[in-house]
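The structure file data_28.tsv is reproduced below (TSV, C-alpha atoms).
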```
chain	number	residue	atom	x	y	z
A	9	MET	CA	2.72	23.35	18.25
A	10	PRO	CA	3.97	24.57	14.86
A	11	LEU	CA	3.73	22.32	11.84
A	12	GLY	CA	7.51	22.15	11.63
A	13	ALA	CA	7.73	20.25	14.92
A	14	TYR	CA	5.57	17.41	13.60
A	15	LEU	CA	7.42	17.32	10.28
A	16	THR	CA	10.79	17.22	12.06
A	17	LEU	CA	9.64	14.34	14.26
A	18	ALA	CA	8.40	12.48	11.18
A	19	ALA	CA	11.69	13.10	9.34
A	20	LEU	CA	13.69	11.79	12.31
A	21	VAL	CA	11.57	8.62	12.59
A	22	PHE	CA	11.77	8.12	8.81
A	23	ALA	CA	15.58	8.42	8.79
A	24	ILE	CA	15.84	6.01	11.74
A	25	GLY	CA	13.63	3.57	9.85
A	26	LEU	CA	15.79	3.86	6.74
A	27	PHE	CA	18.89	3.15	8.83
A	28	GLY	CA	17.15	0.08	10.26
A	29	VAL	CA	16.22	-1.20	6.80
A	30	LEU	CA	19.80	-0.81	5.59
A	31	THR	CA	21.45	-2.46	8.59
A	32	ARG	CA	19.11	-5.35	9.39
A	33	ARG	CA	20.23	-8.75	8.22
A	34	ASN	CA	17.06	-10.80	8.42
A	35	ALA	CA	14.06	-10.14	6.22
A	36	VAL	CA	11.60	-9.76	9.12
A	37	GLY	CA	13.79	-7.02	10.62
A	38	ILE	CA	13.78	-5.21	7.28
A	39	LEU	CA	9.96	-5.34	7.24
A	40	LEU	CA	9.94	-3.86	10.77
A	41	GLY	CA	12.01	-0.94	9.52
A	42	ILE	CA	9.62	-0.41	6.61
A	43	GLU	CA	6.73	-0.25	9.11
A	44	LEU	CA	8.57	2.50	10.96
A	45	MET	CA	9.03	4.50	7.74
A	46	LEU	CA	5.35	4.14	6.75
A	47	ASN	CA	4.36	5.29	10.22
A	48	ALA	CA	6.49	8.43	9.86
A	49	VAL	CA	4.73	9.24	6.60
A	50	ASN	CA	1.36	8.89	8.36
A	51	ILE	CA	2.43	11.48	10.97
A	52	ASN	CA	3.08	13.91	8.11
A	53	LEU	CA	-0.31	13.29	6.51
A	54	VAL	CA	-2.23	13.79	9.75
A	55	ALA	CA	-0.26	16.92	10.66
A	56	PHE	CA	-0.98	18.43	7.23
A	57	ALA	CA	-4.67	17.52	7.58
A	58	ARG	CA	-4.82	19.28	10.94
A	59	PHE	CA	-3.02	22.40	9.75
A	60	SER	CA	-4.88	22.84	6.47
A	61	GLY	CA	-8.34	22.01	7.82
A	62	ASP	CA	-8.83	19.33	5.13
A	63	LEU	CA	-9.86	15.83	6.16
A	64	GLY	CA	-8.24	14.32	3.05
A	65	GLY	CA	-4.99	13.65	4.90
A	66	ILE	CA	-6.76	11.63	7.57
A	67	LEU	CA	-8.58	9.58	4.94
A	68	PHE	CA	-5.34	8.93	3.08
A	69	THR	CA	-3.81	7.75	6.35
A	70	LEU	CA	-6.67	5.28	6.70
A	71	PHE	CA	-5.94	3.96	3.20
A	72	THR	CA	-2.24	3.77	4.05
A	73	ILE	CA	-3.02	1.65	7.10
A	74	ALA	CA	-5.17	-0.71	5.01
A	75	ILE	CA	-2.46	-1.02	2.36
A	76	THR	CA	0.15	-1.64	5.04
A	77	VAL	CA	-1.87	-4.57	6.34
A	78	ALA	CA	-1.89	-6.10	2.86
A	79	GLU	CA	1.84	-5.40	2.46
A	80	VAL	CA	2.77	-7.05	5.75
A	81	ALA	CA	0.57	-10.09	5.11
A	82	VAL	CA	2.01	-10.70	1.64
A	83	GLY	CA	5.56	-9.86	2.76
A	84	LEU	CA	5.55	-12.26	5.69
A	85	ALA	CA	3.97	-14.97	3.53
A	86	ILE	CA	6.81	-14.54	1.03
A	87	VAL	CA	9.38	-14.69	3.84
A	88	ILE	CA	7.81	-17.90	5.17
A	89	VAL	CA	7.88	-19.48	1.69
A	90	ILE	CA	11.55	-18.44	1.31
A	91	PHE	CA	12.26	-20.02	4.71
A	92	ARG	CA	10.62	-23.27	3.60
A	93	VAL	CA	12.72	-23.47	0.45
A	94	ARG	CA	16.08	-22.04	1.58
A	95	ARG	CA	15.94	-22.64	5.39
A	96	THR	CA	17.13	-19.07	6.04
A	97	VAL	CA	15.62	-15.59	6.35
A	98	GLU	CA	18.91	-13.70	6.14
A	99	ALA	CA	18.65	-11.28	3.24
A	100	ASP	CA	22.36	-11.60	2.41
A	101	HIS	CA	21.99	-15.31	1.70
A	102	LEU	CA	19.20	-14.79	-0.80
A	103	ASP	CA	21.41	-14.13	-3.81
A	104	LEU	CA	19.96	-16.63	-6.26
A	105	LEU	CA	19.44	-13.95	-8.92
A	106	ARG	CA	22.92	-12.51	-8.51
A	107	GLY	CA	24.90	-12.40	-11.74
B	243	MET	CA	0.50	21.72	28.29
B	244	GLU	CA	0.45	21.06	24.57
B	245	LEU	CA	4.21	21.50	24.38
B	246	ALA	CA	4.75	19.11	27.29
B	247	ALA	CA	2.50	16.46	25.71
B	248	PHE	CA	4.20	16.77	22.32
B	249	THR	CA	7.68	16.61	23.86
B	250	LEU	CA	6.83	13.52	25.89
B	251	ILE	CA	5.24	11.72	22.93
B	252	ALA	CA	8.07	12.68	20.58
B	253	LEU	CA	10.70	11.44	23.06
B	254	ILE	CA	8.90	8.10	23.47
B	255	ALA	CA	8.52	7.74	19.69
B	256	LEU	CA	12.17	8.54	18.99
B	257	GLY	CA	13.44	6.38	21.84
B	258	SER	CA	11.43	3.35	20.75
B	259	ALA	CA	12.51	3.88	17.12
B	260	LEU	CA	16.15	3.95	18.20
B	261	GLY	CA	15.59	0.87	20.35
B	262	LEU	CA	14.11	-0.92	17.33
B	263	ILE	CA	17.18	-0.44	15.18
B	264	LEU	CA	19.82	-0.84	17.90
B	265	LYS	CA	18.51	-4.09	19.39
B	266	ARG	CA	19.69	-7.04	17.36
B	267	ASN	CA	16.96	-9.30	18.72
B	268	ALA	CA	13.97	-9.27	16.35
B	269	ILE	CA	11.37	-9.89	19.07
B	270	HIS	CA	12.65	-6.88	21.02
B	271	GLY	CA	12.42	-4.87	17.81
B	272	ALA	CA	8.79	-5.90	17.38
B	273	LEU	CA	7.97	-4.87	20.96
B	274	PHE	CA	9.70	-1.50	20.47
B	275	LEU	CA	7.60	-1.02	17.33
B	276	VAL	CA	4.45	-1.55	19.43
B	277	VAL	CA	5.59	1.26	21.76
B	278	ASN	CA	6.31	3.47	18.75
B	279	LEU	CA	2.90	2.82	17.19
B	280	GLY	CA	1.18	3.52	20.51
B	281	SER	CA	2.98	6.85	20.91
B	282	VAL	CA	2.04	7.82	17.35
B	283	ALA	CA	-1.59	6.98	18.20
B	284	ALA	CA	-1.31	9.40	21.14
B	285	LEU	CA	0.11	11.98	18.71
B	286	TYR	CA	-2.98	11.52	16.52
B	287	LEU	CA	-5.14	12.23	19.58
B	288	THR	CA	-3.34	15.51	20.19
B	289	LEU	CA	-3.89	16.36	16.52
B	290	GLY	CA	-7.64	15.83	16.90
B	291	ALA	CA	-7.92	12.61	14.88
B	292	GLU	CA	-9.62	10.34	17.41
B	293	PHE	CA	-10.90	7.76	14.94
B	294	LEU	CA	-7.47	7.40	13.38
B	295	ALA	CA	-5.90	6.84	16.80
B	296	ALA	CA	-8.36	4.01	17.47
B	297	ALA	CA	-7.77	2.52	14.03
B	298	GLN	CA	-4.01	2.75	14.55
B	299	VAL	CA	-4.17	0.82	17.82
B	300	ILE	CA	-6.59	-1.82	16.51
B	301	VAL	CA	-5.03	-2.43	13.10
B	302	TYR	CA	-1.34	-1.73	13.67
B	303	ALA	CA	-0.72	-2.62	17.29
B	304	GLY	CA	-3.34	-5.38	17.20
B	305	ALA	CA	-3.37	-7.14	13.87
B	306	ILE	CA	-0.01	-6.34	12.28
B	307	MET	CA	2.09	-6.83	15.38
B	308	VAL	CA	0.47	-10.19	16.16
B	309	LEU	CA	1.39	-11.24	12.63
B	310	PHE	CA	4.96	-10.01	13.12
B	311	VAL	CA	5.45	-11.70	16.49
B	312	PHE	CA	3.99	-14.92	15.07
B	313	ALA	CA	6.36	-14.83	12.08
B	314	ILE	CA	9.36	-14.08	14.31
B	315	MET	CA	8.49	-16.98	16.62
B	316	VAL	CA	8.20	-19.35	13.65
B	317	LEU	CA	11.20	-18.18	11.66
B	318	ILE	CA	13.85	-17.00	14.12
B	319	PRO	CA	14.08	-19.33	17.10
B	320	GLY	CA	16.35	-18.06	19.86
B	321	LYS	CA	19.23	-15.79	19.10
B	322	GLU	CA	19.79	-14.66	15.56
B	323	GLU	CA	22.16	-12.43	13.63
B	324	THR	CA	25.14	-14.16	15.18
B	325	GLY	CA	28.21	-15.25	13.34
B	326	PRO	CA	30.42	-13.19	11.08
B	327	ASP	CA	28.77	-10.57	8.93
B	328	PRO	CA	29.70	-11.15	5.28
B	329	ARG	CA	29.16	-7.50	4.35
B	330	ARG	CA	30.41	-5.62	7.40
B	331	PRO	CA	32.05	-2.68	5.54
B	332	LEU	CA	28.88	-2.03	3.56
B	333	ARG	CA	26.87	-1.73	6.79
B	334	TRP	CA	28.69	1.45	7.67
B	335	VAL	CA	27.29	3.11	4.55
B	336	ALA	CA	23.85	2.97	6.20
B	337	LEU	CA	24.71	5.64	8.76
B	338	PRO	CA	25.74	8.35	6.24
B	339	ALA	CA	22.78	7.36	4.04
B	340	GLY	CA	20.31	7.90	6.87
B	341	ALA	CA	22.05	11.08	8.02
B	342	LEU	CA	22.11	12.47	4.47
B	343	LEU	CA	18.38	11.88	4.00
B	344	LEU	CA	17.66	13.51	7.36
B	345	ALA	CA	19.85	16.51	6.51
B	346	GLN	CA	18.12	16.97	3.15
B	347	VAL	CA	14.64	16.89	4.68
B	348	LEU	CA	15.65	19.26	7.49
B	349	VAL	CA	17.21	21.73	5.02
B	350	ILE	CA	13.94	21.78	3.06
B	351	LEU	CA	11.96	22.19	6.29
B	352	VAL	CA	14.06	25.12	7.48
B	353	GLY	CA	13.96	26.77	4.08
B	354	THR	CA	10.18	26.83	3.72
B	355	ARG	CA	7.67	28.76	5.75
B	356	GLY	CA	5.00	26.47	7.11
B	357	PRO	CA	1.33	27.39	6.84
B	358	THR	CA	-0.29	28.95	9.85
B	359	PRO	CA	-2.88	26.70	11.47
B	360	VAL	CA	-6.44	27.37	10.42
B	361	GLY	CA	-8.79	28.74	13.04
B	362	SER	CA	-10.91	25.70	13.70
B	363	PRO	CA	-9.31	22.27	13.44
B	364	ALA	CA	-10.78	19.86	10.96
B	365	PRO	CA	-13.18	17.62	12.86
B	366	GLY	CA	-11.56	14.20	12.91
B	367	GLY	CA	-14.57	12.45	14.37
B	368	VAL	CA	-16.18	9.29	13.05
B	369	GLU	CA	-19.13	11.12	11.50
B	370	ALA	CA	-17.10	13.47	9.31
B	371	ILE	CA	-14.72	10.69	8.21
B	372	GLY	CA	-17.55	8.30	7.44
B	373	ARG	CA	-19.42	10.93	5.45
B	374	LEU	CA	-16.35	11.68	3.33
B	375	LEU	CA	-15.45	8.00	2.96
B	376	PHE	CA	-18.79	7.13	1.40
B	377	THR	CA	-19.13	10.21	-0.81
B	378	ASP	CA	-15.94	11.79	-2.16
B	379	TYR	CA	-13.64	8.88	-1.41
B	380	LEU	CA	-15.99	6.03	-2.33
B	381	PHE	CA	-13.90	4.81	-5.27
B	382	PRO	CA	-10.60	4.52	-3.33
B	383	PHE	CA	-12.56	2.87	-0.53
B	384	GLU	CA	-13.87	0.18	-2.89
B	385	LEU	CA	-10.44	-0.20	-4.45
B	386	THR	CA	-9.04	-0.88	-0.97
B	387	SER	CA	-11.49	-3.75	-0.51
B	388	VAL	CA	-10.36	-5.23	-3.84
B	389	LEU	CA	-6.73	-4.88	-2.75
B	390	LEU	CA	-7.41	-6.63	0.57
B	391	LEU	CA	-9.20	-9.45	-1.25
B	392	ALA	CA	-6.28	-9.83	-3.67
B	393	ALA	CA	-3.81	-9.87	-0.77
B	394	MET	CA	-5.88	-12.50	1.06
B	395	VAL	CA	-6.07	-14.79	-1.97
B	396	GLY	CA	-2.38	-14.25	-2.67
B	397	VAL	CA	-1.35	-15.11	0.89
B	398	LEU	CA	-3.47	-18.27	0.84
B	399	LEU	CA	-1.85	-19.30	-2.43
B	400	LEU	CA	1.66	-18.60	-1.10
B	401	ALA	CA	1.18	-20.36	2.22
B	402	ARG	CA	-0.42	-23.45	0.69
B	403	ARG	CA	1.52	-26.67	1.12
B	404	ARG	CA	2.64	-28.04	-2.21
B	405	THR	CA	1.25	-31.54	-2.50
```

Take the structure from the file and write it as structure tokens.
Amino acid sequence: MPLGAYLTLAALVFAIGLFGVLTRRNAVGILLGIELMLNAVNINLVAFARFSGDLGGILFTLFTIAITVAEVAVGLAIVIVIFRVRRTVEADHLDLLRG
Amino acid sequence: MELAAFTLIALIALGSALGLILKRNAIHGALFLVVNLGSVAALYLTLGAEFLAAAQVIVYAGAIMVLFVFAIMVLIPGKEETGPDPRRPLRWVALPAGALLLAQVLVILVGTRGPTPVGSPAPGGVEAIGRLLFTDYLFPFELTSVLLLAAMVGVLLLARRRT
């Protein structure tokens, strides 16, 4: 398979993820969309590693996975704290800082 | 054979991604994301990165999705996203935004000539990755452990009950 096929698949998944982030109303759904986008980036890194013969891309994907775990853990903890205080997880209702 | 495998995996990945954003129910979205992550793990296998495929299944599909499903069960009981949408017109901007990004990336992809694959694929086995991880990439590796520790302490602090 040519490199372009993998990059096109990654671009499609990334754009779908962006659409999901923009249309979701609750914060957990937005985090799901962000997961999809991060995953698309990982496809790119692994495809480049395979086609350039350099293992750096695979190692960076490992680091991305580790950072994603931290991001999800902190993000969901923040969402749970917001739910405790405001009794909602809808992103549109969280406009406390709005001018 | 390779083309058939790639086509099948790509169709599953795209279908589950579309299912994730089109289903309004968050728990269905989480399950679609599991399918998507599994298909991407299969894609890693076809690219010769066996260790990464295993890590993807264990960390993403195992740990992260359990966390997501747990949070959805706690936070969003039953049906959600009902009732009138306060910003319905703005939602429609999302479709051109996503399409514009996709068009930009595809234009760049078409315009550039990709590199030809090198003769022998980079060995994605555990031995090669482990050797690199503890020599050239030792500093980022240690930084990752500090990051995970910081995240763990931060989550404990956030989730603590105020007394």

I'd like the contact shell of Asp103 (chain A) - 12 Å cut-off, all atoms listed in the file, skipping same-chain residues fewer than 6 positions apart - returned as a list in words.
Ile90, Arg94, Thr96 and Val97 of chain A

Quick one: residues within 8 Å of region 308-310 of chain B, only C-alpha atoms, excluding same-chain residues fewer than 6 positions away - as number ranges by chain?
A: 36, 81, 84; B: 272

Between B:Ala268, B:Ala336, B:Leu289, B:Leu273, which residue has the minimum interatomic distance to Ala313 (chain B), considering all atoms listed in the file?
B:Ala268

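Residues surrounding Ala303 (chain B) within 7 Å are Val276, Leu279, Gln298, Val299 and Met307 of chain B [all atoms listed in the file; sequence separation below 4 positions excluded].
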
Those residues with C-alpha atoms, as a PDB file, in the coordinates of the input please?
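After the write, selection-v9.pdb holds the following:
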```
ATOM      1  CA  VAL B 276       4.450  -1.550  19.430  1.00  0.00           C
ATOM      2  CA  LEU B 279       2.900   2.820  17.190  1.00  0.00           C
ATOM      3  CA  GLN B 298      -4.010   2.750  14.550  1.00  0.00           C
ATOM      4  CA  VAL B 299      -4.170   0.820  17.820  1.00  0.00           C
ATOM      5  CA  MET B 307       2.090  -6.830  15.380  1.00  0.00           C
TER       6      MET B 307
END
```

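Near Arg403 (chain B), within 12 Å and counting all atoms listed in the file, sit A:Ile88, A:Val89, A:Arg92, A:Val93, B:Val397, B:Leu398; same-chain residues fewer than 5 positions away were not included.
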
Store the residues picked out above, limited to C-alpha atoms, as a compact mmCIF listing (two decimals), in the frame of the given file.
```txt
# COMPACT_ATOMS: atom_id res chain seq x y z
CA ILE A 88 7.81 -17.90 5.17
CA VAL A 89 7.88 -19.48 1.69
CA ARG A 92 10.62 -23.27 3.60
CA VAL A 93 12.72 -23.47 0.45
CA VAL B 397 -1.35 -15.11 0.89
CA LEU B 398 -3.47 -18.27 0.84
```

Sort by chain and increasing residue number a table of all residues of chain A within 6 Å of chain B, each with its closest pair of atoms and their distance in Å to one decimal, counting all atoms listed in the file, and write it as a tab-separated table.
```
residue	atom	partner	partner_atom	distance
A:Ala23	CA	B:Gly340	CA	5.1
A:Phe27	CA	B:Gly340	CA	5.3
A:Gly28	CA	B:Ile263	CA	4.9
A:Leu30	CA	B:Ala336	CA	5.6
A:Thr31	CA	B:Arg333	CA	5.8
A:Arg58	CA	B:Pro363	CA	5.9
A:Phe59	CA	B:Pro359	CA	4.6
A:Gly61	CA	B:Ala364	CA	4.5
A:Ala78	CA	B:Ala393	CA	5.6
A:Val82	CA	B:Val397	CA	5.6
A:Ala85	CA	B:Val397	CA	5.9
```

Restricting the calculation to all atoms listed in the file, which member of B:Pro331, B:Gly261, B:Ala284, B:His270 is positioned closest to Ala247 (chain B)?
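When distances to Ala247 (chain B) are compared using all atoms listed in the file, the smallest one comes from B:Ala284.
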
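Every protein, DNA or RNA residue with an atom at most 8 Å from Leu39 (chain A), where all atoms listed in the file count and chain neighbours fewer than 3 positions away do not, is listed here: A:Val29, A:Ala35, A:Val36, A:Ile42, A:Glu43, A:Val80, A:Gly83.
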
Straight-line distance linking CA of Val87 (chain A) with CA of Ile300 (chain B), stated in Å to one decimal:
24.1 Å

Kindly write region 273-313 of chain B with N, CA and C atoms to a file, as a PDB file, in the first residue's frame.
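Writing done, so here's decode15.pdb:
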```
ATOM      1  N   LEU B 273     -18.601   2.699  22.703  1.00  0.00           N
ATOM      2  CA  LEU B 273     -18.429   1.355  22.130  1.00  0.00           C
ATOM      3  C   LEU B 273     -17.920   1.434  20.692  1.00  0.00           C
ATOM      4  N   PHE B 274     -18.396   2.433  19.930  1.00  0.00           N
ATOM      5  CA  PHE B 274     -17.875   2.619  18.573  1.00  0.00           C
ATOM      6  C   PHE B 274     -16.392   2.962  18.618  1.00  0.00           C
ATOM      7  N   LEU B 275     -15.982   3.739  19.632  1.00  0.00           N
ATOM      8  CA  LEU B 275     -14.566   4.094  19.742  1.00  0.00           C
ATOM      9  C   LEU B 275     -13.719   2.855  20.005  1.00  0.00           C
ATOM     10  N   VAL B 276     -14.265   1.879  20.780  1.00  0.00           N
ATOM     11  CA  VAL B 276     -13.540   0.626  20.997  1.00  0.00           C
ATOM     12  C   VAL B 276     -13.295  -0.086  19.671  1.00  0.00           C
ATOM     13  N   VAL B 277     -14.354  -0.138  18.817  1.00  0.00           N
ATOM     14  CA  VAL B 277     -14.205  -0.777  17.502  1.00  0.00           C
ATOM     15  C   VAL B 277     -13.138  -0.055  16.690  1.00  0.00           C
ATOM     16  N   ASN B 278     -13.181   1.283  16.720  1.00  0.00           N
ATOM     17  CA  ASN B 278     -12.212   2.072  15.965  1.00  0.00           C
ATOM     18  C   ASN B 278     -10.785   1.803  16.448  1.00  0.00           C
ATOM     19  N   LEU B 279     -10.601   1.776  17.765  1.00  0.00           N
ATOM     20  CA  LEU B 279      -9.251   1.542  18.298  1.00  0.00           C
ATOM     21  C   LEU B 279      -8.766   0.144  17.947  1.00  0.00           C
ATOM     22  N   GLY B 280      -9.683  -0.838  17.967  1.00  0.00           N
ATOM     23  CA  GLY B 280      -9.293  -2.195  17.592  1.00  0.00           C
ATOM     24  C   GLY B 280      -8.876  -2.282  16.139  1.00  0.00           C
ATOM     25  N   SER B 281      -9.615  -1.587  15.250  1.00  0.00           N
ATOM     26  CA  SER B 281      -9.249  -1.636  13.832  1.00  0.00           C
ATOM     27  C   SER B 281      -7.916  -0.939  13.598  1.00  0.00           C
ATOM     28  N   VAL B 282      -7.648   0.136  14.342  1.00  0.00           N
ATOM     29  CA  VAL B 282      -6.349   0.805  14.198  1.00  0.00           C
ATOM     30  C   VAL B 282      -5.219  -0.100  14.702  1.00  0.00           C
ATOM     31  N   ALA B 283      -5.503  -0.895  15.751  1.00  0.00           N
ATOM     32  CA  ALA B 283      -4.498  -1.864  16.212  1.00  0.00           C
ATOM     33  C   ALA B 283      -4.197  -2.885  15.120  1.00  0.00           C
ATOM     34  N   ALA B 284      -5.242  -3.322  14.393  1.00  0.00           N
ATOM     35  CA  ALA B 284      -5.018  -4.237  13.268  1.00  0.00           C
ATOM     36  C   ALA B 284      -4.191  -3.565  12.174  1.00  0.00           C
ATOM     37  N   LEU B 285      -4.431  -2.260  11.980  1.00  0.00           N
ATOM     38  CA  LEU B 285      -3.648  -1.501  10.993  1.00  0.00           C
ATOM     39  C   LEU B 285      -2.175  -1.474  11.403  1.00  0.00           C
ATOM     40  N   TYR B 286      -1.909  -1.306  12.695  1.00  0.00           N
ATOM     41  CA  TYR B 286      -0.520  -1.336  13.174  1.00  0.00           C
ATOM     42  C   TYR B 286       0.119  -2.693  12.869  1.00  0.00           C
ATOM     43  N   LEU B 287      -0.658  -3.766  13.000  1.00  0.00           N
ATOM     44  CA  LEU B 287      -0.115  -5.095  12.701  1.00  0.00           C
ATOM     45  C   LEU B 287       0.293  -5.196  11.234  1.00  0.00           C
ATOM     46  N   THR B 288      -0.550  -4.660  10.339  1.00  0.00           N
ATOM     47  CA  THR B 288      -0.191  -4.720   8.925  1.00  0.00           C
ATOM     48  C   THR B 288       1.014  -3.839   8.629  1.00  0.00           C
ATOM     49  N   LEU B 289       1.255  -2.829   9.466  1.00  0.00           N
ATOM     50  CA  LEU B 289       2.413  -1.962   9.264  1.00  0.00           C
ATOM     51  C   LEU B 289       3.661  -2.524   9.938  1.00  0.00           C
ATOM     52  N   GLY B 290       3.561  -3.680  10.581  1.00  0.00           N
ATOM     53  CA  GLY B 290       4.729  -4.307  11.172  1.00  0.00           C
ATOM     54  C   GLY B 290       5.086  -3.792  12.546  1.00  0.00           C
ATOM     55  N   ALA B 291       4.137  -3.180  13.256  1.00  0.00           N
ATOM     56  CA  ALA B 291       4.416  -2.685  14.602  1.00  0.00           C
ATOM     57  C   ALA B 291       3.618  -3.532  15.598  1.00  0.00           C
ATOM     58  N   GLU B 292       4.128  -4.736  15.876  1.00  0.00           N
ATOM     59  CA  GLU B 292       3.355  -5.672  16.705  1.00  0.00           C
ATOM     60  C   GLU B 292       3.223  -5.181  18.137  1.00  0.00           C
ATOM     61  N   PHE B 293       4.334  -4.673  18.684  1.00  0.00           N
ATOM     62  CA  PHE B 293       4.294  -4.231  20.081  1.00  0.00           C
ATOM     63  C   PHE B 293       3.301  -3.097  20.268  1.00  0.00           C
ATOM     64  N   LEU B 294       3.291  -2.185  19.279  1.00  0.00           N
ATOM     65  CA  LEU B 294       2.383  -1.047  19.369  1.00  0.00           C
ATOM     66  C   LEU B 294       0.928  -1.502  19.319  1.00  0.00           C
ATOM     67  N   ALA B 295       0.649  -2.514  18.488  1.00  0.00           N
ATOM     68  CA  ALA B 295      -0.715  -3.033  18.416  1.00  0.00           C
ATOM     69  C   ALA B 295      -1.152  -3.580  19.773  1.00  0.00           C
ATOM     70  N   ALA B 296      -0.237  -4.326  20.442  1.00  0.00           N
ATOM     71  CA  ALA B 296      -0.571  -4.866  21.758  1.00  0.00           C
ATOM     72  C   ALA B 296      -0.782  -3.743  22.760  1.00  0.00           C
ATOM     73  N   ALA B 297       0.118  -2.732  22.717  1.00  0.00           N
ATOM     74  CA  ALA B 297      -0.015  -1.614  23.651  1.00  0.00           C
ATOM     75  C   ALA B 297      -1.308  -0.861  23.404  1.00  0.00           C
ATOM     76  N   GLN B 298      -1.670  -0.715  22.134  1.00  0.00           N
ATOM     77  CA  GLN B 298      -2.915  -0.015  21.790  1.00  0.00           C
ATOM     78  C   GLN B 298      -4.123  -0.723  22.410  1.00  0.00           C
ATOM     79  N   VAL B 299      -4.167  -2.051  22.264  1.00  0.00           N
ATOM     80  CA  VAL B 299      -5.312  -2.790  22.792  1.00  0.00           C
ATOM     81  C   VAL B 299      -5.334  -2.712  24.320  1.00  0.00           C
ATOM     82  N   ILE B 300      -4.161  -2.892  24.952  1.00  0.00           N
ATOM     83  CA  ILE B 300      -4.139  -2.936  26.415  1.00  0.00           C
ATOM     84  C   ILE B 300      -4.452  -1.565  27.001  1.00  0.00           C
ATOM     85  N   VAL B 301      -3.759  -0.525  26.490  1.00  0.00           N
ATOM     86  CA  VAL B 301      -3.890   0.787  27.119  1.00  0.00           C
ATOM     87  C   VAL B 301      -5.174   1.488  26.684  1.00  0.00           C
ATOM     88  N   TYR B 302      -5.370   1.581  25.357  1.00  0.00           N
ATOM     89  CA  TYR B 302      -6.549   2.306  24.871  1.00  0.00           C
ATOM     90  C   TYR B 302      -7.823   1.531  25.152  1.00  0.00           C
ATOM     91  N   ALA B 303      -7.945   0.375  24.480  1.00  0.00           N
ATOM     92  CA  ALA B 303      -9.199  -0.367  24.551  1.00  0.00           C
ATOM     93  C   ALA B 303      -9.430  -0.912  25.954  1.00  0.00           C
ATOM     94  N   GLY B 304      -8.357  -1.168  26.709  1.00  0.00           N
ATOM     95  CA  GLY B 304      -8.525  -1.644  28.070  1.00  0.00           C
ATOM     96  C   GLY B 304      -8.736  -0.506  29.048  1.00  0.00           C
ATOM     97  N   ALA B 305      -7.657   0.221  29.321  1.00  0.00           N
ATOM     98  CA  ALA B 305      -7.691   1.177  30.426  1.00  0.00           C
ATOM     99  C   ALA B 305      -8.564   2.385  30.125  1.00  0.00           C
ATOM    100  N   ILE B 306      -8.321   3.047  28.980  1.00  0.00           N
ATOM    101  CA  ILE B 306      -9.000   4.317  28.721  1.00  0.00           C
ATOM    102  C   ILE B 306     -10.494   4.111  28.547  1.00  0.00           C
ATOM    103  N   MET B 307     -10.873   3.041  27.826  1.00  0.00           N
ATOM    104  CA  MET B 307     -12.297   2.875  27.569  1.00  0.00           C
ATOM    105  C   MET B 307     -13.055   2.495  28.831  1.00  0.00           C
ATOM    106  N   VAL B 308     -12.417   1.724  29.731  1.00  0.00           N
ATOM    107  CA  VAL B 308     -13.066   1.429  31.012  1.00  0.00           C
ATOM    108  C   VAL B 308     -13.337   2.730  31.769  1.00  0.00           C
ATOM    109  N   LEU B 309     -12.342   3.627  31.736  1.00  0.00           N
ATOM    110  CA  LEU B 309     -12.501   4.923  32.395  1.00  0.00           C
ATOM    111  C   LEU B 309     -13.658   5.706  31.779  1.00  0.00           C
ATOM    112  N   PHE B 310     -13.724   5.690  30.436  1.00  0.00           N
ATOM    113  CA  PHE B 310     -14.780   6.423  29.745  1.00  0.00           C
ATOM    114  C   PHE B 310     -16.152   5.859  30.090  1.00  0.00           C
ATOM    115  N   VAL B 311     -16.285   4.527  29.985  1.00  0.00           N
ATOM    116  CA  VAL B 311     -17.590   3.912  30.245  1.00  0.00           C
ATOM    117  C   VAL B 311     -18.010   4.177  31.688  1.00  0.00           C
ATOM    118  N   PHE B 312     -17.045   4.110  32.604  1.00  0.00           N
ATOM    119  CA  PHE B 312     -17.335   4.397  34.010  1.00  0.00           C
ATOM    120  C   PHE B 312     -17.854   5.823  34.167  1.00  0.00           C
ATOM    121  N   ALA B 313     -17.150   6.789  33.544  1.00  0.00           N
ATOM    122  CA  ALA B 313     -17.558   8.189  33.673  1.00  0.00           C
ATOM    123  C   ALA B 313     -18.932   8.413  33.059  1.00  0.00           C
TER     124      ALA B 313
END
```
